[in-house]
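Colleague: Handing over protein_39.txt, compact mmCIF, C-alpha atoms.
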```
# COMPACT_ATOMS: atom_id res chain seq x y z
CA MET M 609 34.84 -60.82 20.07
CA THR M 610 32.42 -61.48 17.24
CA ILE M 611 31.16 -58.62 15.15
CA ARG M 612 27.84 -58.85 13.35
CA ASN M 613 26.64 -57.01 10.30
CA SER M 614 23.88 -55.13 12.04
CA ALA M 615 23.14 -51.61 13.16
CA ALA M 616 24.11 -52.54 16.72
CA THR M 617 27.79 -53.02 15.83
CA ASN M 618 28.94 -50.19 13.68
CA ASN M 619 32.70 -50.85 13.82
CA GLN M 620 32.37 -53.33 10.95
CA ILE M 621 32.32 -51.28 7.79
CA ASN M 622 30.19 -52.54 4.93
CA THR M 623 31.48 -50.71 1.87
CA ASN M 624 28.63 -51.66 -0.46
CA LYS M 625 26.49 -48.59 -1.20
CA PRO M 626 24.03 -49.22 -4.06
CA GLY M 627 22.05 -46.12 -3.02
CA CYS M 628 24.96 -43.89 -4.13
CA LEU M 629 24.68 -45.19 -7.69
CA LEU M 630 20.92 -44.61 -7.75
CA GLY M 631 21.33 -41.09 -6.36
CA PHE M 632 24.01 -40.31 -8.94
CA ALA M 633 21.84 -41.74 -11.75
CA VAL M 634 18.82 -39.66 -10.70
CA ALA M 635 20.91 -36.47 -10.41
CA TRP M 636 22.55 -37.16 -13.80
CA THR M 637 19.17 -37.76 -15.50
CA VAL M 638 17.48 -34.73 -13.92
CA PHE M 639 20.40 -32.50 -14.93
CA SER M 640 20.41 -33.91 -18.48
CA CYS M 641 16.62 -33.42 -18.81
CA GLY M 642 17.01 -29.85 -17.54
CA MET M 643 19.66 -29.16 -20.17
CA ALA M 644 17.43 -30.73 -22.83
CA ALA M 645 14.48 -28.53 -21.76
CA ILE M 646 16.64 -25.38 -21.96
CA MET M 647 17.89 -26.45 -25.39
CA LEU M 648 14.37 -27.15 -26.72
CA THR M 649 12.94 -23.83 -25.49
CA ASN M 650 15.78 -21.76 -26.98
CA GLU M 651 17.27 -22.76 -30.29
CA PRO M 652 16.59 -26.45 -30.91
CA ASN M 653 18.87 -28.12 -33.41
CA ILE M 654 19.14 -31.79 -34.30
CA PHE M 655 22.79 -32.22 -33.26
CA GLY M 656 22.20 -30.65 -29.85
CA ILE M 657 19.15 -32.82 -29.26
CA LEU M 658 21.06 -35.98 -30.27
CA PHE M 659 23.96 -34.99 -28.02
CA ILE M 660 21.84 -34.37 -24.93
CA SER M 661 19.78 -37.51 -25.68
CA LEU M 662 22.93 -39.58 -25.19
CA PHE M 663 23.30 -38.17 -21.68
CA ILE M 664 19.65 -38.94 -20.89
CA ILE M 665 20.06 -42.51 -22.19
CA VAL M 666 23.16 -43.04 -20.01
CA GLY M 667 21.26 -41.69 -16.97
CA LEU M 668 18.28 -43.94 -17.62
CA GLY M 669 20.64 -46.91 -18.09
CA LEU M 670 22.28 -46.22 -14.73
CA MET M 671 18.85 -45.90 -13.08
CA ILE M 672 17.72 -49.23 -14.56
CA TYR M 673 20.95 -50.92 -13.46
CA SER M 674 20.74 -49.58 -9.90
CA GLY M 675 17.07 -50.63 -9.80
CA MET M 676 18.18 -54.14 -10.76
CA VAL M 677 20.79 -54.09 -7.98
CA TYR M 678 18.00 -53.24 -5.51
CA TYR M 679 15.84 -56.00 -6.98
CA THR M 680 18.72 -58.48 -6.54
CA ARG M 681 19.00 -57.50 -2.88
CA PHE M 682 15.23 -57.86 -2.50
CA ARG M 683 15.32 -61.37 -4.04
CA VAL M 684 18.29 -62.57 -1.98
CA GLY M 685 17.41 -60.83 1.27
CA LYS M 686 19.90 -59.68 3.88
CA PRO M 687 22.36 -62.33 5.02
CA ASP M 688 23.78 -62.08 8.53
CA PHE M 689 27.55 -61.74 8.09
CA LEU M 690 30.01 -62.17 10.94
CA LEU M 691 33.68 -61.25 11.17
CA SER M 692 35.69 -62.34 14.21
CA LYS M 693 37.61 -59.03 14.11
CA THR M 694 38.22 -56.09 11.83
CA GLU M 695 41.59 -54.93 13.16
CA LEU M 696 44.44 -57.38 12.78
CA ARG M 697 48.14 -57.66 12.13
CA PRO M 698 50.00 -59.36 9.27
CA GLY M 699 50.00 -63.11 9.83
CA GLU M 700 46.77 -63.07 11.85
CA LYS M 701 43.59 -64.91 10.92
CA VAL M 702 40.05 -63.63 10.66
CA ASP M 703 36.99 -65.85 10.70
CA PHE M 704 34.21 -64.96 8.30
CA SER M 705 30.81 -66.60 8.35
CA PHE M 706 27.27 -65.97 7.26
CA THR M 707 23.84 -67.28 8.04
CA HIS M 708 20.91 -66.66 5.79
CA THR M 709 17.29 -67.69 5.40
CA PHE M 710 16.19 -66.97 1.84
CA PRO M 711 12.95 -64.93 1.74
CA ASN M 712 12.24 -65.88 -1.92
CA ASN M 713 13.01 -68.60 -4.41
CA VAL M 714 16.31 -67.66 -6.01
CA LYS M 715 18.82 -69.45 -8.20
CA ILE M 716 22.48 -68.78 -7.45
CA ASN M 717 25.14 -69.95 -9.91
CA TRP M 718 28.07 -69.61 -7.51
CA MET M 719 29.22 -67.83 -4.39
CA LYS M 720 32.73 -66.53 -3.77
CA MET M 721 34.34 -65.38 -0.57
CA GLN M 722 37.58 -63.49 -1.14
CA LEU M 723 40.31 -61.82 0.86
CA ILE M 724 41.32 -58.84 -1.25
CA PHE M 725 44.22 -56.43 -1.02
CA ARG M 726 43.25 -53.34 -3.02
CA GLU M 727 45.42 -50.57 -4.42
CA THR M 728 43.53 -47.38 -5.21
CA ALA M 729 45.13 -44.43 -6.97
CA THR M 730 43.47 -41.16 -7.96
CA TYR M 731 45.02 -38.77 -10.42
CA GLN M 732 44.20 -35.67 -12.39
CA ARG M 733 44.38 -35.53 -16.17
CA GLY M 734 43.40 -32.12 -17.42
CA THR M 735 40.12 -31.32 -15.70
CA ASP M 736 39.20 -35.00 -15.19
CA THR M 737 39.85 -36.86 -11.97
CA THR M 738 40.32 -40.58 -12.49
CA THR M 739 40.50 -43.36 -9.93
CA VAL M 740 42.01 -46.75 -10.76
CA THR M 741 41.99 -49.84 -8.57
CA LYS M 742 43.90 -53.09 -8.60
CA ASN M 743 42.56 -56.01 -6.60
CA HIS M 744 44.99 -58.67 -5.46
CA ILE M 745 42.97 -61.77 -4.54
CA VAL M 746 44.99 -63.17 -1.69
CA ASP M 747 42.67 -66.03 -0.77
CA GLU M 748 39.39 -67.32 -2.15
CA TYR M 749 36.67 -69.87 -1.45
CA GLU M 750 34.07 -70.81 -4.02
CA GLU M 751 30.78 -72.59 -3.39
CA ALA M 752 28.73 -74.25 -6.11
CA GLY M 753 25.34 -72.74 -6.85
CA PHE M 754 21.92 -74.03 -5.94
CA ASP M 755 18.22 -73.38 -6.53
CA PHE M 756 17.27 -71.99 -3.15
CA GLN M 757 13.63 -72.06 -2.12
CA GLY M 758 12.00 -69.47 0.12
CA GLY M 759 12.67 -70.45 3.75
CA HIS M 760 15.86 -72.38 2.88
CA MET M 761 18.57 -71.73 5.46
CA LEU M 762 22.27 -71.55 4.57
CA SER M 763 25.17 -71.25 6.98
CA LYS M 764 28.88 -71.26 6.10
CA ALA M 765 32.15 -70.38 7.81
CA TYR M 766 35.59 -69.62 6.42
CA SER M 767 38.98 -68.49 7.68
CA PHE M 768 41.29 -65.99 6.03
CA GLN M 769 44.87 -65.15 6.95
CA ILE M 770 46.68 -61.92 6.20
CA PRO M 771 50.06 -62.98 4.77
CA GLU M 772 52.93 -62.71 7.22
CA ASP M 773 54.72 -60.26 4.92
CA GLY M 774 51.56 -58.51 3.74
CA MET M 775 51.35 -54.73 3.65
CA HIS M 776 49.42 -52.85 6.29
CA THR M 777 46.46 -50.57 5.55
CA LEU M 778 47.55 -47.15 4.30
CA LYS M 779 45.29 -44.26 3.37
CA VAL M 780 46.87 -41.01 2.31
CA ARG M 781 45.72 -38.31 -0.09
CA ARG M 782 44.78 -39.91 -3.43
CA ASN M 783 46.51 -43.21 -2.66
CA ALA M 784 45.18 -46.13 -0.62
CA LEU M 785 46.20 -49.68 0.24
CA GLU M 786 43.26 -51.51 1.82
CA TRP M 787 42.13 -54.98 2.82
CA PHE M 788 38.61 -56.35 2.31
CA VAL M 789 36.62 -59.50 2.76
CA LYS M 790 34.27 -59.74 -0.20
CA PHE M 791 31.18 -61.90 -0.59
CA GLU M 792 29.81 -62.27 -4.11
CA ALA M 793 26.89 -64.35 -5.41
CA ASP M 794 26.18 -64.75 -9.13
CA ILE M 795 22.46 -64.64 -9.91
CA PRO M 796 21.35 -65.36 -13.49
CA SER M 797 20.05 -62.32 -15.44
CA LEU M 798 20.62 -59.96 -12.50
CA PRO M 799 23.62 -58.02 -11.19
CA ASN M 800 25.75 -59.98 -8.73
CA PHE M 801 24.97 -59.68 -5.04
CA VAL M 802 28.11 -58.14 -3.53
CA GLU M 803 29.00 -57.23 0.04
CA GLU M 804 32.43 -55.98 1.13
CA PHE M 805 33.80 -55.57 4.62
CA GLU M 806 36.90 -53.56 5.30
CA LEU M 807 39.68 -54.94 7.47
CA THR M 808 42.25 -52.66 9.05
CA VAL M 809 45.69 -54.27 8.95
CA LEU M 810 47.94 -52.59 11.49
CA PRO M 811 51.65 -51.88 10.91
CA GLU M 812 52.66 -54.28 13.68
CA VAL M 813 54.24 -57.70 13.66
CA ASN M 814 53.30 -60.69 15.80
CA MET O 1204 75.79 -22.00 -11.87
CA ALA O 1205 77.93 -24.34 -9.79
CA LYS O 1206 77.33 -28.07 -10.02
CA ALA O 1207 77.47 -30.54 -7.19
CA ASP O 1208 78.04 -34.31 -7.26
CA PHE O 1209 76.62 -36.36 -4.41
CA ASP O 1210 77.51 -39.73 -3.04
CA ILE O 1211 75.10 -40.88 -0.34
CA GLN O 1212 76.13 -44.00 1.58
CA PHE O 1213 74.26 -45.91 4.26
CA LEU O 1214 76.66 -47.18 6.90
CA ASP O 1215 74.50 -49.97 8.34
CA GLY O 1216 71.31 -51.86 7.45
CA GLU O 1217 71.09 -55.07 5.43
CA SER O 1218 72.57 -54.32 2.03
CA SER O 1219 71.80 -56.15 -1.18
CA ASP O 1220 72.90 -55.38 -4.75
CA THR O 1221 70.12 -52.87 -5.29
CA THR O 1222 69.05 -51.46 -1.94
CA THR O 1223 69.50 -51.36 1.83
CA LEU O 1224 66.94 -52.77 4.21
CA TYR O 1225 66.12 -51.33 7.62
CA HIS O 1226 63.57 -52.41 10.19
CA PRO O 1227 61.12 -50.10 11.97
CA GLY O 1228 62.61 -48.52 15.08
CA GLU O 1229 66.22 -48.96 13.95
CA VAL O 1230 68.71 -46.12 13.53
CA LEU O 1231 69.78 -45.28 9.98
CA ARG O 1232 73.31 -43.93 9.85
CA GLY O 1233 74.82 -42.56 6.69
CA GLN O 1234 77.30 -40.26 5.08
CA VAL O 1235 77.11 -37.91 2.14
CA THR O 1236 80.11 -36.77 0.13
CA ILE O 1237 79.65 -33.62 -1.94
CA PHE O 1238 81.99 -32.40 -4.67
CA THR O 1239 81.49 -29.02 -6.29
CA ASP O 1240 83.12 -27.68 -9.45
CA SER O 1241 83.48 -24.19 -7.95
CA ASN O 1242 83.22 -22.68 -4.50
CA MET O 1243 79.58 -22.70 -3.47
CA ASP O 1244 77.97 -20.61 -0.76
CA CYS O 1245 75.13 -22.45 0.85
CA LYS O 1246 72.63 -21.29 3.44
CA ASN O 1247 72.17 -24.87 4.60
CA ILE O 1248 72.87 -28.44 3.69
CA LEU O 1249 69.90 -30.42 4.97
CA ALA O 1250 69.43 -34.17 5.35
CA ARG O 1251 65.79 -35.25 5.34
CA LEU O 1252 64.15 -38.53 6.15
CA VAL O 1253 61.19 -38.73 3.77
CA TRP O 1254 58.68 -41.16 2.31
CA HIS O 1255 56.47 -40.69 -0.70
CA THR O 1256 54.06 -42.56 -2.89
CA GLU O 1257 54.88 -43.47 -6.48
CA GLY O 1258 52.71 -44.90 -9.21
CA ARG O 1259 49.54 -43.82 -10.97
CA GLY O 1260 48.09 -41.67 -8.19
CA THR O 1261 48.96 -38.07 -7.45
CA PRO O 1262 52.21 -38.29 -5.43
CA TYR O 1263 52.01 -37.79 -1.70
CA GLN O 1264 55.10 -36.97 0.37
CA GLU O 1265 55.84 -36.70 4.07
CA ILE O 1266 59.00 -35.30 5.63
CA ILE O 1267 59.55 -37.20 8.86
CA THR O 1268 62.52 -35.25 10.13
CA GLU O 1269 65.17 -32.85 8.90
CA LYS O 1270 68.74 -32.25 10.10
CA GLU O 1271 71.09 -29.42 9.33
CA LEU O 1272 74.52 -30.70 8.22
CA PHE O 1273 76.45 -27.60 7.25
CA GLN O 1274 76.32 -23.84 6.71
CA GLY O 1275 78.98 -21.91 4.80
CA THR O 1276 81.06 -22.33 1.66
CA LEU O 1277 81.75 -25.65 -0.04
CA LYS O 1278 85.28 -25.65 -1.43
CA ALA O 1279 85.72 -26.57 -5.08
CA GLY O 1280 87.51 -29.81 -5.93
CA LEU O 1281 87.57 -31.10 -2.36
CA PRO O 1282 85.33 -33.81 -0.97
CA ASN O 1283 83.01 -32.53 1.75
CA TYR O 1284 81.90 -35.31 4.12
CA TYR O 1285 78.86 -35.06 6.37
CA GLU O 1286 77.34 -37.75 8.54
CA PHE O 1287 73.68 -38.11 9.48
CA ALA O 1288 71.58 -40.44 11.62
CA PHE O 1289 67.82 -40.89 11.82
CA ASP O 1290 65.58 -42.87 14.14
CA LEU O 1291 63.28 -44.77 11.80
CA PRO O 1292 59.55 -44.78 12.58
CA GLN O 1293 57.30 -47.84 12.75
CA ASP O 1294 55.42 -47.18 9.53
CA PRO O 1295 54.52 -46.96 6.69
CA TRP O 1296 56.41 -49.96 5.39
CA SER O 1297 57.99 -49.93 1.95
CA TYR O 1298 55.72 -51.39 -0.70
CA GLU O 1299 55.96 -51.86 -4.44
CA GLY O 1300 52.61 -52.37 -6.13
CA HIS O 1301 50.76 -52.10 -9.40
CA TYR O 1302 49.34 -48.59 -8.94
CA VAL O 1303 50.77 -47.52 -5.59
CA SER O 1304 54.28 -47.82 -4.18
CA VAL O 1305 55.63 -46.53 -0.89
CA VAL O 1306 59.24 -45.38 -1.13
CA TRP O 1307 61.49 -44.30 1.75
CA ALA O 1308 64.55 -42.16 1.08
CA VAL O 1309 67.17 -39.91 2.58
CA GLU O 1310 67.19 -36.61 0.74
CA ILE O 1311 70.12 -34.19 0.75
CA ASP O 1312 69.21 -30.61 -0.07
CA ILE O 1313 71.72 -27.81 -0.65
CA ASP O 1314 69.92 -24.54 -0.04
CA VAL O 1315 71.67 -22.10 -2.38
CA PRO O 1316 71.01 -18.39 -1.77
CA TRP O 1317 69.33 -16.74 -4.76
CA GLY O 1318 69.38 -20.06 -6.62
CA LYS O 1319 67.50 -23.27 -7.08
CA ASP O 1320 68.11 -25.86 -4.38
CA ILE O 1321 70.28 -28.80 -5.42
CA LYS O 1322 68.80 -32.09 -4.29
CA GLU O 1323 69.74 -35.74 -4.36
CA SER O 1324 68.09 -38.68 -2.66
CA LYS O 1325 68.86 -42.31 -2.00
CA PRO O 1326 66.05 -44.80 -1.39
CA PHE O 1327 66.05 -47.61 1.14
CA LEU O 1328 63.56 -50.23 2.30
CA LEU O 1329 61.68 -50.09 5.60
CA ARG O 1330 60.17 -53.50 6.34
CA PRO O 1331 59.59 -55.36 9.58
CA LEU O 1332 61.70 -58.30 10.60
CA LEU O 1333 59.72 -61.46 9.90
CA THR O 1334 59.94 -64.58 11.97
CA LYS O 1335 59.45 -66.73 8.86
CA GLN O 1336 59.58 -65.77 5.21
CA GLU O 1337 56.52 -66.21 3.04
CA SER O 1338 55.98 -65.00 -0.46
CA PHE O 1339 53.40 -62.33 -1.28
```
Could you write out this file's structure as structure tokens?
Modeller:
Amino acid sequence: MTIRNSAATNNQINTNKPGCLLGFAVAWTVFSCGMAAIMLTNEPNIFGILFISLFIIVGLGLMIYSGMVYYTRFRVGKPDFLLSKTELRPGEKVDFSFTHTFPNNVKINWMKMQLIFRETATYQRGTDTTTVTKNHIVDEYEEAGFDFQGGHMLSKAYSFQIPEDGMHTLKVRRNALEWFVKFEADIPSLPNFVEEFELTVLPEVN
Amino acid sequence: MAKADFDIQFLDGESSDTTTLYHPGEVLRGQVTIFTDSNMDCKNILARLVWHTEGRGTPYQEIITEKELFQGTLKAGLPNYYEFAFDLPQDPWSYEGHYVSVVWAVEIDIDVPWGKDIKESKPFLLRPLLTKQESF
């Protein structure tokens, strides 16, 4: 069975959510501006204003960055990604392909397709919650870049294999071991175009 | 407070210098020897099959099953032997990673009335039998 990256087949999970970053940036900036307004109407002092200004600058920076991510996606368009399956066992192969007609002229330096095994750990230090991740790149393909013109069509196919003795997917509280197929394109002067698709590796052997 | 020394042995599995390997679905059989320096009343001696995460993340633990080995008084200076056996589940498999590790163990817990429990555990590996070995 072939699974397409479209609304019709929702069992393929695309983990890329640029909207979350924009939402967070807007909420951060609005909150910081609110704090600044309260500070200015009460007892304004130079140190307080400088302190809250830093928060506003960080929020604006995040908004600009997430806007650039959206602009990247607008320039590149929406490739049609296909995965042959999303549930597999260690040792099994998954076919990954994409077809894309570029809507605009865009220069791409390189494209990478990776099979990633990711460790994610979340821990508490004082009142802060921190999440750390470690990506193990298990397999990788790299394509040279090109100056794509609007209307140019690109189609590629790859095959990835979960190692025979690879670990299965595990998600428990604050600890996760996950598999992903990642597509990444490097575009000059803009954030990289990144799409990730989660694979569920079952604790079964062939 | 009385002290207890434990010696947990696995009676089967594939042993190496550092650990013992079992495959999912197998039976783990073992024996624990407990020495105490004075007579010790215990509500229970429990053997637990457990797995937990280790590493940077907040630890997570699951008790798969628990068996009662003994109730009564442990005699000082004499070895007390108890055997246990557990049916091993299919998953999760043992894993040692950068931030997250999955560790299986048998835990022996002496439930002391009006005192802190005395615990000891011995880890083992749970990994499937592979048809061919590859490195990862």
Colleague: Would you mind telling me which residue in O:Asp1244, O:Arg1259, O:Phe1213, O:Leu1281 lies nearest to Arg733 (chain M) when using all atoms listed in the file?
Modeller: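 For Arg733 (chain M), the nearest of the given residues is O:Arg1259.
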Colleague: If we count all atoms listed in the file, what is near region 1304-1318 of chain O at a cut-off of 9 Å, once residues fewer than 5 positions away on the same chain are taken out, given as JSON, numbers by chain?
Modeller: {"O": [1204, 1209, 1211, 1235, 1243, 1244, 1245, 1246, 1247, 1248, 1249, 1250, 1251, 1252, 1253, 1254, 1255, 1256, 1257, 1258, 1295, 1296, 1297, 1298, 1299, 1323, 1324, 1325, 1326, 1327, 1328, 1329]}
Colleague: Keeping only C-alpha atoms, write the selected residues as a tab-separated table (two decimals), in the frame of the given file.
Modeller:
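In the end it all went to again.tsv:
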```tsv
chain	number	residue	atom	x	y	z
O	1204	MET	CA	75.79	-22.00	-11.87
O	1209	PHE	CA	76.62	-36.36	-4.41
O	1211	ILE	CA	75.10	-40.88	-0.34
O	1235	VAL	CA	77.11	-37.91	2.14
O	1243	MET	CA	79.58	-22.70	-3.47
O	1244	ASP	CA	77.97	-20.61	-0.76
O	1245	CYS	CA	75.13	-22.45	0.85
O	1246	LYS	CA	72.63	-21.29	3.44
O	1247	ASN	CA	72.17	-24.87	4.60
O	1248	ILE	CA	72.87	-28.44	3.69
O	1249	LEU	CA	69.90	-30.42	4.97
O	1250	ALA	CA	69.43	-34.17	5.35
O	1251	ARG	CA	65.79	-35.25	5.34
O	1252	LEU	CA	64.15	-38.53	6.15
O	1253	VAL	CA	61.19	-38.73	3.77
O	1254	TRP	CA	58.68	-41.16	2.31
O	1255	HIS	CA	56.47	-40.69	-0.70
O	1256	THR	CA	54.06	-42.56	-2.89
O	1257	GLU	CA	54.88	-43.47	-6.48
O	1258	GLY	CA	52.71	-44.90	-9.21
O	1295	PRO	CA	54.52	-46.96	6.69
O	1296	TRP	CA	56.41	-49.96	5.39
O	1297	SER	CA	57.99	-49.93	1.95
O	1298	TYR	CA	55.72	-51.39	-0.70
O	1299	GLU	CA	55.96	-51.86	-4.44
O	1323	GLU	CA	69.74	-35.74	-4.36
O	1324	SER	CA	68.09	-38.68	-2.66
O	1325	LYS	CA	68.86	-42.31	-2.00
O	1326	PRO	CA	66.05	-44.80	-1.39
O	1327	PHE	CA	66.05	-47.61	1.14
O	1328	LEU	CA	63.56	-50.23	2.30
O	1329	LEU	CA	61.68	-50.09	5.60
```
Colleague: Please provide as a ChimeraX atom specification all residues within 10 Å of Gln732 (chain M), with the sequence filter that same-chain residues fewer than 2 positions apart are discarded (counting only C-alpha atoms).
Modeller: /M:730,734-739,782 /O:1259-1261
Colleague: Distance CA of Leu668 (chain M)-CA of Ile654 (chain M), one decimal place?
Modeller: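 These atoms are spaced 20.7 Å apart.
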Colleague: So what do you get for CA of Asp1210 (chain O) versus CA of Thr1236 (chain O), distance-wise?
Modeller: 5.1 Å
Colleague: Provide the CA of Ser763 (chain M) to CA of Ser705 (chain M) distance in Å, to one decimal place.
Modeller: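 Calculated distance between CA of Ser763 (chain M) and CA of Ser705 (chain M) is 7.4 Å.
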Colleague: Got a sec: who's within 7 Å of Lys720 (chain M), counting only C-alpha atoms, leaving out chain neighbours fewer than 2 positions off, as a PyMOL selection string?
Modeller: chain M and resi 718+722+748-751+791-793
Colleague: Which polymer residues have any atom within 8 Å of an atom of Glu1286 (chain O), counting all atoms listed in the file, with same-chain residues fewer than 5 positions away left out, as a PyMOL selection string?
Modeller: chain O and resi 1232-1235+1272
Colleague: Using all atoms listed in the file, which of the listed residues (O:Asp1320, O:Asp1240, O:Glu1265, O:Glu1271) sits closest to chain M?
Modeller: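 Using all atoms listed in the file, the shortest distance to chain M belongs to O:Glu1265.
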Colleague: Show which residues sit within 12 Å of Val802 (chain M), as number ranges by chain. Count all atoms listed in the file, and ignore same-chain residues fewer than 2 positions away.
Modeller: M: 622-626, 677-678, 680-681, 684, 686-687, 719-722, 789-795, 798-800, 804-805
Colleague: Using all atoms listed in the file, which residue out of M:Gly758, M:Thr741, M:Ser767, M:Trp787 lies closest to chain O?
Modeller: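 Selected residue with least distance to chain O: M:Thr741.
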Colleague: Compute the set of chain M residues within 10 Å of chain O, using all atoms listed in the file, and express it as a PyMOL selection string.
Modeller: chain M and resi 698-699+726-732+738-744+746+771-778+780-785+810-814
Colleague: Can you write just those residues out, C-alpha atoms, as a PDB file, keeping the file's coordinate frame?
Modeller:
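Result file follows (again-v1.pdb):
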```
ATOM      1  CA  PRO M 698      50.000 -59.360   9.270  1.00  0.00           C
ATOM      2  CA  GLY M 699      50.000 -63.110   9.830  1.00  0.00           C
ATOM      3  CA  ARG M 726      43.250 -53.340  -3.020  1.00  0.00           C
ATOM      4  CA  GLU M 727      45.420 -50.570  -4.420  1.00  0.00           C
ATOM      5  CA  THR M 728      43.530 -47.380  -5.210  1.00  0.00           C
ATOM      6  CA  ALA M 729      45.130 -44.430  -6.970  1.00  0.00           C
ATOM      7  CA  THR M 730      43.470 -41.160  -7.960  1.00  0.00           C
ATOM      8  CA  TYR M 731      45.020 -38.770 -10.420  1.00  0.00           C
ATOM      9  CA  GLN M 732      44.200 -35.670 -12.390  1.00  0.00           C
ATOM     10  CA  THR M 738      40.320 -40.580 -12.490  1.00  0.00           C
ATOM     11  CA  THR M 739      40.500 -43.360  -9.930  1.00  0.00           C
ATOM     12  CA  VAL M 740      42.010 -46.750 -10.760  1.00  0.00           C
ATOM     13  CA  THR M 741      41.990 -49.840  -8.570  1.00  0.00           C
ATOM     14  CA  LYS M 742      43.900 -53.090  -8.600  1.00  0.00           C
ATOM     15  CA  ASN M 743      42.560 -56.010  -6.600  1.00  0.00           C
ATOM     16  CA  HIS M 744      44.990 -58.670  -5.460  1.00  0.00           C
ATOM     17  CA  VAL M 746      44.990 -63.170  -1.690  1.00  0.00           C
ATOM     18  CA  PRO M 771      50.060 -62.980   4.770  1.00  0.00           C
ATOM     19  CA  GLU M 772      52.930 -62.710   7.220  1.00  0.00           C
ATOM     20  CA  ASP M 773      54.720 -60.260   4.920  1.00  0.00           C
ATOM     21  CA  GLY M 774      51.560 -58.510   3.740  1.00  0.00           C
ATOM     22  CA  MET M 775      51.350 -54.730   3.650  1.00  0.00           C
ATOM     23  CA  HIS M 776      49.420 -52.850   6.290  1.00  0.00           C
ATOM     24  CA  THR M 777      46.460 -50.570   5.550  1.00  0.00           C
ATOM     25  CA  LEU M 778      47.550 -47.150   4.300  1.00  0.00           C
ATOM     26  CA  VAL M 780      46.870 -41.010   2.310  1.00  0.00           C
ATOM     27  CA  ARG M 781      45.720 -38.310  -0.090  1.00  0.00           C
ATOM     28  CA  ARG M 782      44.780 -39.910  -3.430  1.00  0.00           C
ATOM     29  CA  ASN M 783      46.510 -43.210  -2.660  1.00  0.00           C
ATOM     30  CA  ALA M 784      45.180 -46.130  -0.620  1.00  0.00           C
ATOM     31  CA  LEU M 785      46.200 -49.680   0.240  1.00  0.00           C
ATOM     32  CA  LEU M 810      47.940 -52.590  11.490  1.00  0.00           C
ATOM     33  CA  PRO M 811      51.650 -51.880  10.910  1.00  0.00           C
ATOM     34  CA  GLU M 812      52.660 -54.280  13.680  1.00  0.00           C
ATOM     35  CA  VAL M 813      54.240 -57.700  13.660  1.00  0.00           C
ATOM     36  CA  ASN M 814      53.300 -60.690  15.800  1.00  0.00           C
TER      37      ASN M 814
END
```
Colleague: With distances taken over all atoms listed in the file, which of M:Phe801, M:Phe655, M:Phe663, M:Phe754 is nearest to Asn717 (chain M)?
Modeller: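 Selected residue with least distance to Asn717 (chain M): M:Phe754.
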Colleague: Using only C-alpha atoms, which residue out of M:Val714, M:Met643, M:Ala633, M:Tyr679 lies closest to Val666 (chain M)?
Modeller: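 Of all the options, M:Ala633 lies closest to Val666 (chain M).
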Colleague: Between M:Ala765, M:Ile716, M:Leu723, M:Cys641, single out the one closest to Ile664 (chain M), counting only C-alpha atoms.
Modeller: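 Smallest distance to Ile664 (chain M) is found for M:Cys641.
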Colleague: Output as a PDB file, keeping the file's coordinate frame: region 654-661 of chain M, completed with N, CA, C and O atoms.
Modeller:
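Generated file (part34.pdb):
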```
ATOM      1  N   ILE M 654      19.143 -30.325 -34.322  1.00  0.00           N
ATOM      2  CA  ILE M 654      19.140 -31.790 -34.300  1.00  0.00           C
ATOM      3  C   ILE M 654      20.387 -32.363 -33.620  1.00  0.00           C
ATOM      4  O   ILE M 654      20.317 -33.328 -32.870  1.00  0.00           O
ATOM      5  N   PHE M 655      21.541 -31.701 -33.846  1.00  0.00           N
ATOM      6  CA  PHE M 655      22.790 -32.220 -33.260  1.00  0.00           C
ATOM      7  C   PHE M 655      22.782 -32.056 -31.734  1.00  0.00           C
ATOM      8  O   PHE M 655      23.197 -32.941 -31.000  1.00  0.00           O
ATOM      9  N   GLY M 656      22.291 -30.894 -31.295  1.00  0.00           N
ATOM     10  CA  GLY M 656      22.200 -30.650 -29.850  1.00  0.00           C
ATOM     11  C   GLY M 656      21.265 -31.644 -29.176  1.00  0.00           C
ATOM     12  O   GLY M 656      21.558 -32.176 -28.104  1.00  0.00           O
ATOM     13  N   ILE M 657      20.136 -31.895 -29.834  1.00  0.00           N
ATOM     14  CA  ILE M 657      19.150 -32.820 -29.260  1.00  0.00           C
ATOM     15  C   ILE M 657      19.740 -34.244 -29.199  1.00  0.00           C
ATOM     16  O   ILE M 657      19.590 -34.948 -28.188  1.00  0.00           O
ATOM     17  N   LEU M 658      20.428 -34.642 -30.273  1.00  0.00           N
ATOM     18  CA  LEU M 658      21.060 -35.980 -30.270  1.00  0.00           C
ATOM     19  C   LEU M 658      22.110 -36.080 -29.175  1.00  0.00           C
ATOM     20  O   LEU M 658      22.201 -37.090 -28.467  1.00  0.00           O
ATOM     21  N   PHE M 659      22.890 -34.999 -29.017  1.00  0.00           N
ATOM     22  CA  PHE M 659      23.960 -34.990 -28.020  1.00  0.00           C
ATOM     23  C   PHE M 659      23.403 -35.142 -26.602  1.00  0.00           C
ATOM     24  O   PHE M 659      23.844 -35.991 -25.829  1.00  0.00           O
ATOM     25  N   ILE M 660      22.388 -34.332 -26.287  1.00  0.00           N
ATOM     26  CA  ILE M 660      21.840 -34.370 -24.930  1.00  0.00           C
ATOM     27  C   ILE M 660      21.051 -35.674 -24.696  1.00  0.00           C
ATOM     28  O   ILE M 660      20.974 -36.183 -23.576  1.00  0.00           O
ATOM     29  N   SER M 661      20.506 -36.239 -25.807  1.00  0.00           N
ATOM     30  CA  SER M 661      19.780 -37.510 -25.680  1.00  0.00           C
ATOM     31  C   SER M 661      20.696 -38.630 -25.188  1.00  0.00           C
ATOM     32  O   SER M 661      20.287 -39.496 -24.418  1.00  0.00           O
TER      33      SER M 661
END
```
